[in-house]
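File shown: input-v1.pdb. Contents: PDB, C-alpha atoms.
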```pdb
ATOM      1  CA  MET N   1      88.349 139.568  81.304
ATOM      2  CA  SER N   2      86.356 141.668  83.745
ATOM      3  CA  TYR N   3      85.056 145.195  83.307
ATOM      4  CA  SER N   4      86.910 146.387  86.416
ATOM      5  CA  ASN N   5      90.235 145.014  85.115
ATOM      6  CA  PHE N   6      89.520 146.468  81.676
ATOM      7  CA  THR N   7      88.955 149.971  83.081
ATOM      8  CA  GLN N   8      91.510 149.794  85.927
ATOM      9  CA  ARG N   9      93.907 152.220  84.192
ATOM     10  CA  ASN N  10      91.110 154.810  84.017
ATOM     11  CA  LEU N  11      91.368 155.235  87.809
ATOM     12  CA  GLY N  12      93.098 158.478  88.632
ATOM     13  CA  TYR N  13      91.456 160.051  85.602
ATOM     14  CA  ILE N  14      87.908 158.819  86.136
ATOM     15  CA  ASP N  15      86.467 158.053  89.584
ATOM     16  CA  ASN N  16      84.354 154.926  90.192
ATOM     17  CA  PRO N  17      80.927 156.658  90.118
ATOM     18  CA  THR N  18      81.777 158.296  86.789
ATOM     19  CA  GLN N  19      83.102 155.026  85.374
ATOM     20  CA  GLN N  20      79.831 153.354  86.361
ATOM     21  CA  LYS N  21      77.921 156.128  84.610
ATOM     22  CA  ILE N  22      80.075 155.557  81.499
ATOM     23  CA  LYS N  23      79.315 151.837  81.669
ATOM     24  CA  ASP N  24      75.560 152.478  81.904
ATOM     25  CA  THR N  25      75.321 155.208  79.250
ATOM     26  CA  ARG N  26      73.543 154.279  76.000
ATOM     27  CA  ILE N  27      75.134 155.628  72.835
ATOM     28  CA  LEU N  28      73.762 155.826  69.307
ATOM     29  CA  ILE N  29      76.266 156.057  66.455
ATOM     30  CA  ALA N  30      74.437 157.235  63.325
ATOM     31  CA  GLY N  31      76.894 156.738  60.481
ATOM     32  CA  CYS N  32      79.294 153.918  61.300
ATOM     33  CA  GLY N  33      81.983 154.786  58.764
ATOM     34  CA  ILE N  34      83.463 157.974  60.166
ATOM     35  CA  GLY N  35      81.638 157.147  63.418
ATOM     36  CA  SER N  36      83.782 154.030  63.770
ATOM     37  CA  SER N  37      86.619 156.109  65.262
ATOM     38  CA  SER N  38      84.305 157.514  67.950
ATOM     39  CA  ALA N  39      82.847 154.070  68.670
ATOM     40  CA  ILE N  40      86.291 152.499  69.105
ATOM     41  CA  ALA N  41      87.449 155.292  71.435
ATOM     42  CA  LEU N  42      84.235 155.058  73.476
ATOM     43  CA  ALA N  43      84.529 151.272  73.778
ATOM     44  CA  ARG N  44      88.129 151.621  74.989
ATOM     45  CA  MET N  45      87.006 154.156  77.599
ATOM     46  CA  GLY N  46      84.461 151.682  78.974
ATOM     47  CA  PHE N  47      81.154 152.500  77.318
ATOM     48  CA  THR N  48      79.241 149.252  76.832
ATOM     49  CA  HIS N  49      75.822 150.076  75.329
ATOM     50  CA  PHE N  50      75.750 150.907  71.629
ATOM     51  CA  LYS N  51      73.184 151.279  68.876
ATOM     52  CA  LEU N  52      74.803 151.324  65.452
ATOM     53  CA  VAL N  53      72.897 152.712  62.462
ATOM     54  CA  ASP N  54      74.198 152.674  58.879
ATOM     55  CA  PRO N  55      72.839 151.150  55.651
ATOM     56  CA  ASP N  56      76.229 150.864  53.929
ATOM     57  CA  THR N  57      78.768 148.068  53.545
ATOM     58  CA  VAL N  58      82.513 148.287  54.004
ATOM     59  CA  ASP N  59      84.345 148.899  50.739
ATOM     60  CA  GLU N  60      88.044 149.125  49.952
ATOM     61  CA  ASN N  61      87.777 152.912  49.635
ATOM     62  CA  ASN N  62      86.667 153.139  53.297
ATOM     63  CA  LEU N  63      89.888 151.701  54.702
ATOM     64  CA  ASN N  64      91.919 154.913  54.470
ATOM     65  CA  ARG N  65      89.662 156.899  56.817
ATOM     66  CA  GLN N  66      87.481 154.482  58.750
ATOM     67  CA  PHE N  67      88.369 151.943  61.441
ATOM     68  CA  PHE N  68      87.901 148.852  59.277
ATOM     69  CA  GLU N  69      90.294 146.281  57.834
ATOM     70  CA  GLN N  70      90.596 144.224  54.646
ATOM     71  CA  ASN N  71      88.653 141.313  56.143
ATOM     72  CA  ASP N  72      85.675 143.642  56.787
ATOM     73  CA  ILE N  73      85.143 144.380  53.076
ATOM     74  CA  GLY N  74      81.646 143.299  52.048
ATOM     75  CA  LEU N  75      80.233 143.268  55.587
ATOM     76  CA  THR N  76      77.651 145.816  56.619
ATOM     77  CA  LYS N  77      79.342 148.649  58.479
ATOM     78  CA  VAL N  78      77.179 147.997  61.541
ATOM     79  CA  GLU N  79      78.238 144.326  61.698
ATOM     80  CA  ALA N  80      81.910 145.124  61.029
ATOM     81  CA  LEU N  81      81.901 147.796  63.736
ATOM     82  CA  LYS N  82      80.061 145.507  66.146
ATOM     83  CA  LYS N  83      82.758 142.880  65.585
ATOM     84  CA  ARG N  84      85.486 145.476  66.215
ATOM     85  CA  ILE N  85      83.838 146.776  69.428
ATOM     86  CA  LEU N  86      83.341 143.236  70.757
ATOM     87  CA  SER N  87      87.010 142.453  70.106
ATOM     88  CA  ILE N  88      87.837 145.302  72.501
ATOM     89  CA  SER N  89      84.963 144.923  74.948
ATOM     90  CA  PRO N  90      83.437 141.422  74.783
ATOM     91  CA  TYR N  91      80.715 142.315  77.290
ATOM     92  CA  ALA N  92      79.369 145.224  75.214
ATOM     93  CA  ASP N  93      75.654 145.260  74.433
ATOM     94  CA  ILE N  94      75.285 146.228  70.764
ATOM     95  CA  GLU N  95      72.162 146.626  68.652
ATOM     96  CA  THR N  96      72.638 146.988  64.903
ATOM     97  CA  PHE N  97      70.385 148.709  62.391
ATOM     98  CA  PRO N  98      71.616 148.288  58.786
ATOM     99  CA  ILE N  99      69.241 151.042  57.638
ATOM    100  CA  SER N 100      69.227 154.808  57.104
ATOM    101  CA  LEU N 101      68.076 156.951  59.990
ATOM    102  CA  SER N 102      64.944 158.760  58.791
ATOM    103  CA  TYR N 103      62.032 160.828  60.019
ATOM    104  CA  GLU N 104      59.949 157.642  60.120
ATOM    105  CA  ASN N 105      62.293 155.539  62.290
ATOM    106  CA  ALA N 106      64.373 158.061  64.271
ATOM    107  CA  ALA N 107      62.110 158.340  67.312
ATOM    108  CA  SER N 108      61.958 154.578  67.873
ATOM    109  CA  ILE N 109      65.731 154.125  67.451
ATOM    110  CA  VAL N 110      66.818 157.163  69.487
ATOM    111  CA  LYS N 111      64.225 156.872  72.286
ATOM    112  CA  ASP N 112      66.387 155.203  74.964
ATOM    113  CA  CYS N 113      69.774 156.686  74.030
ATOM    114  CA  ASP N 114      71.625 159.098  76.290
ATOM    115  CA  ILE N 115      74.092 160.324  73.653
ATOM    116  CA  VAL N 116      73.660 160.535  69.879
ATOM    117  CA  ILE N 117      76.716 160.847  67.666
ATOM    118  CA  ASP N 118      75.734 162.073  64.206
ATOM    119  CA  SER N 119      78.469 161.001  61.827
ATOM    120  CA  ILE N 120      76.213 160.408  58.847
ATOM    121  CA  ASP N 121      78.124 160.847  55.612
ATOM    122  CA  PHE N 122      77.383 164.306  54.247
ATOM    123  CA  ILE N 123      77.134 162.760  50.773
ATOM    124  CA  SER N 124      74.119 160.754  52.024
ATOM    125  CA  LEU N 125      71.890 163.794  52.500
ATOM    126  CA  SER N 126      68.746 161.646  52.463
ATOM    127  CA  GLY N 127      69.964 160.016  55.693
ATOM    128  CA  ILE N 128      70.241 163.295  57.586
ATOM    129  CA  LEU N 129      67.290 164.324  59.734
TER
END
```
In structure tokens, write the structure found in this file.
Amino acid sequence: MSYSNFTQRNLGYIDNPTQQKIKDTRILIAGCGIGSSSAIALARMGFTHFKLVDPDTVDENNLNRQFFEQNDIGLTKVEALKKRILSISPYADIETFPISLSYENAASIVKDCDIVIDSIDFISLSGIL
């Protein structure tokens, strides 16, 4: 599987320079439960650089609204989402952080990201900057 074959159907919608920019863009998903839907869509579009941040594990009650499956239960959300992204885009570069994003660690995690998607669970107010 090659990146150009994977994104071939994007042509006509996305020109080659833009597709290259998509490929090179670095995305941070903070909150990988609800953020799993964004991550999956971005991977299918051709984004390949992800940082995933979430301290939680997949539970049965996540399956109705998050992009996880039965066999993900018990895994950290970052590892389960990494597995899902790699099943779509095996050449993706994914860093995982099974921790809460905080004032103390945010600068070092966010520093080289081009886009930050904040999908931190509103119930986890301590994880919101």
On this file, the PyMOL selection byres ((chain N and resi 117) around 10) gives some set of residues; write that set as a short mmCIF file (atom, residue, chain, number, x, y, z; two decimals) with C-alpha atoms, in the frame of the given file.
```cif
data_model
loop_
_atom_site.label_atom_id
_atom_site.label_comp_id
_atom_site.auth_asym_id
_atom_site.auth_seq_id
_atom_site.Cartn_x
_atom_site.Cartn_y
_atom_site.Cartn_z
CA ILE N 27 75.13 155.63 72.83
CA LEU N 28 73.76 155.83 69.31
CA ILE N 29 76.27 156.06 66.46
CA ALA N 30 74.44 157.24 63.32
CA GLY N 31 76.89 156.74 60.48
CA CYS N 32 79.29 153.92 61.30
CA GLY N 35 81.64 157.15 63.42
CA SER N 38 84.30 157.51 67.95
CA ALA N 39 82.85 154.07 68.67
CA LEU N 52 74.80 151.32 65.45
CA ILE N 115 74.09 160.32 73.65
CA VAL N 116 73.66 160.54 69.88
CA ASP N 118 75.73 162.07 64.21
CA SER N 119 78.47 161.00 61.83
CA ILE N 120 76.21 160.41 58.85
#
```
Explicit residue set for the PyMOL selection byres ((chain N and resi 56-64) around 7), as a list in words: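 That expression, the PyMOL selection byres ((chain N and resi 56-64) around 7), corresponds here to Asp54, Pro55, Arg65, Gln66, Phe67, Phe68, Glu69, Asp72, Ile73, Gly74, Leu75, Thr76 and Lys77 of chain N.
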CA of Tyr3 in chain N to CA of Asn71 in chain N, distance in Å rounded to a single decimal: 27.7 Å
For CA of Gln70 in chain N and CA of Ser89 in chain N, the interatomic separation in Å (one decimal):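 A separation of 21.1 Å between them.
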Kindly compute an axis-aligned box around the listed atoms of range 68-81 of chain N, allowing 4 Å on each side, and express its centre and edge lengths in Å to one decimal as lines of an AutoDock Vina configuration file.
```
center_x = 83.9
center_y = 145.1
center_z = 57.9
size_x = 21.4
size_y = 15.5
size_z = 19.7
```
